[in-house]
Amino acid sequence: MNITLFGLGSHGDMQPYLALGLGLRQAGHQVRLASHENFGEFIQDSGLDFSPMRGNVQELVQKPEIQALLDSGNFVAITRFTAQASKDASIKW
């Protein structure tokens with residue numbers, strides 16, 4: 001079976017997707033992990049196929065506007081901001 005996993009987040013957020021993908025590959029599936037461009041080497045070095053998505057989550061969380069939202073603790077505003085950022089991270093196939 002061909003499986004594509006979508007993993008967005010920090011390097012630590014990617015670890016479970018990578019582990020899942022490796023387990024699925026070990027079970028005989030063809031696995032591709034779609035994520036931000038800055039994780040390409042990390043994913044490919046693990047042995048999984050990689051599909052780049054626009055953006056760099058580490059750069060995103062360093063922006064003053066997201067830092068202010070994180071400091072505010074306003075979960076709704078944080079979710080709204082990150083949802084828009086996710087829409088902007090469309091796959092480059």
# chains A, B, ... in the order shown; residues from 1 in each chain; ligands from 1

$ select_by_dssp --residues "chain A" --states "strand (DSSP E)" --output "PyMOL selection string"
chain A and resi 2-6+30-36+49-53

$ write_last_selection --atoms "N, CA, C and O atoms" --output "CSV table (one decimal), in the first residue's frame"
chain,number,residue,atom,x,y,z
A,2,ASN,N,0.5,2.3,-0.7
A,2,ASN,CA,1.2,3.5,-0.7
A,2,ASN,C,0.6,4.4,0.3
A,2,ASN,O,-0.6,4.7,0.3
A,3,ILE,N,1.4,4.9,1.2
A,3,ILE,CA,0.9,5.8,2.3
A,3,ILE,C,1.7,7.1,2.4
A,3,ILE,O,2.9,7.1,2.3
A,4,THR,N,1.0,8.2,2.5
A,4,THR,CA,1.6,9.5,2.7
A,4,THR,C,1.2,10.0,4.1
A,4,THR,O,0.0,10.1,4.4
A,5,LEU,N,2.1,10.3,4.9
A,5,LEU,CA,1.9,10.9,6.2
A,5,LEU,C,2.2,12.4,6.1
A,5,LEU,O,3.1,12.8,5.4
A,6,PHE,N,1.4,13.2,6.8
A,6,PHE,CA,1.6,14.7,6.8
A,6,PHE,C,2.1,15.0,8.2
A,6,PHE,O,1.3,14.8,9.2
A,30,GLN,N,4.9,1.2,1.1
A,30,GLN,CA,5.7,2.3,0.6
A,30,GLN,C,5.2,3.6,1.3
A,30,GLN,O,4.0,4.0,1.2
A,31,VAL,N,6.1,4.3,2.0
A,31,VAL,CA,5.7,5.4,2.8
A,31,VAL,C,6.5,6.7,2.4
A,31,VAL,O,7.7,6.7,2.2
A,32,ARG,N,5.7,7.7,2.3
A,32,ARG,CA,6.2,9.1,2.0
A,32,ARG,C,5.8,10.0,3.2
A,32,ARG,O,4.7,9.9,3.6
A,33,LEU,N,6.7,10.8,3.6
A,33,LEU,CA,6.4,11.8,4.7
A,33,LEU,C,6.4,13.2,4.1
A,33,LEU,O,7.5,13.6,3.6
A,34,ALA,N,5.3,13.9,4.1
A,34,ALA,CA,5.2,15.2,3.6
A,34,ALA,C,5.4,16.2,4.8
A,34,ALA,O,4.7,16.0,5.8
A,35,SER,N,6.3,17.1,4.7
A,35,SER,CA,6.6,18.0,5.8
A,35,SER,C,7.3,19.3,5.2
A,35,SER,O,7.5,19.4,4.0
A,36,HIS,N,7.6,20.2,6.1
A,36,HIS,CA,8.3,21.4,5.7
A,36,HIS,C,9.6,21.1,5.1
A,36,HIS,O,10.3,20.1,5.5
A,49,ASP,N,10.6,8.3,1.9
A,49,ASP,CA,10.5,9.2,0.8
A,49,ASP,C,10.0,10.5,1.4
A,49,ASP,O,9.3,10.5,2.4
A,50,PHE,N,10.3,11.6,0.8
A,50,PHE,CA,10.0,13.0,1.3
A,50,PHE,C,9.2,13.8,0.2
A,50,PHE,O,9.7,13.8,-0.9
A,51,SER,N,8.2,14.5,0.6
A,51,SER,CA,7.5,15.4,-0.2
A,51,SER,C,7.5,16.8,0.5
A,51,SER,O,7.0,16.9,1.6
A,52,PRO,N,8.2,17.8,-0.1
A,52,PRO,CA,8.4,19.0,0.6
A,52,PRO,C,7.1,19.9,0.6
A,52,PRO,O,6.3,19.8,-0.3
A,53,MET,N,6.9,20.5,1.7
A,53,MET,CA,5.8,21.5,1.8
A,53,MET,C,6.5,22.9,2.1
A,53,MET,O,7.5,22.9,2.7

$ residues_around --residues "Asp13 of chain A" --least-positions-apart "4" --cutoff "12 Å" --atoms "only C-alpha atoms" --output "VMD selection string"
chain A and resid 6 to 9 17 to 19 35 to 36 39 57 to 58

$ select_by_dssp --residues "segment 15-61 of chain A" --states "alpha helix (DSSP H)" --output "PDB file with C-alpha atoms, in the first residue's frame"
ATOM      1  CA  GLN A  15       9.736  12.038  15.588  1.00  0.00           C
ATOM      2  CA  PRO A  16       6.408  10.143  16.010  1.00  0.00           C
ATOM      3  CA  TYR A  17       5.603  10.513  12.293  1.00  0.00           C
ATOM      4  CA  LEU A  18       9.040   9.208  11.438  1.00  0.00           C
ATOM      5  CA  ALA A  19       8.669   6.243  13.795  1.00  0.00           C
ATOM      6  CA  LEU A  20       5.217   5.458  12.379  1.00  0.00           C
ATOM      7  CA  GLY A  21       6.513   5.722   8.822  1.00  0.00           C
ATOM      8  CA  LEU A  22       9.443   3.422   9.535  1.00  0.00           C
ATOM      9  CA  GLY A  23       7.123   0.889  11.161  1.00  0.00           C
ATOM     10  CA  LEU A  24       4.785   0.982   8.180  1.00  0.00           C
ATOM     11  CA  ARG A  25       7.699   0.595   5.805  1.00  0.00           C
ATOM     12  CA  GLN A  26       8.973  -2.363   7.824  1.00  0.00           C
ATOM     13  CA  GLY A  40      13.869  16.988   4.008  1.00  0.00           C
ATOM     14  CA  GLU A  41      17.350  15.769   4.849  1.00  0.00           C
ATOM     15  CA  PHE A  42      16.243  14.474   8.262  1.00  0.00           C
ATOM     16  CA  ILE A  43      13.419  12.443   6.693  1.00  0.00           C
ATOM     17  CA  GLN A  44      15.414  11.183   3.734  1.00  0.00           C
ATOM     18  CA  ASP A  45      18.314  10.158   5.972  1.00  0.00           C
ATOM     19  CA  SER A  46      15.857   7.934   7.843  1.00  0.00           C
ATOM     20  CA  VAL A  57       8.187  25.922  11.156  1.00  0.00           C
ATOM     21  CA  GLN A  58      11.251  26.984  13.152  1.00  0.00           C
ATOM     22  CA  GLU A  59      11.262  30.328  11.327  1.00  0.00           C
ATOM     23  CA  LEU A  60       7.518  30.634  11.881  1.00  0.00           C
ATOM     24  CA  VAL A  61       7.695  30.278  15.668  1.00  0.00           C
TER      25      VAL A  61
END

$ atom_distance --atom1 "atom CA of Ala68 of chain A" --atom2 "atom CA of Asp88 of chain A"
20.4 Å

$ residues_around --residues "Ser86 of chain A" --least-positions-apart "4" --cutoff "9 Å" --atoms "only C-alpha atoms" --output "list in words"
Leu8, Gly55, Phe81, Thr82 and Ser90 of chain A

$ atom_distance --atom1 "atom CA of Gln62 of chain A" --atom2 "atom CA of Lys87 of chain A"
18.6 Å
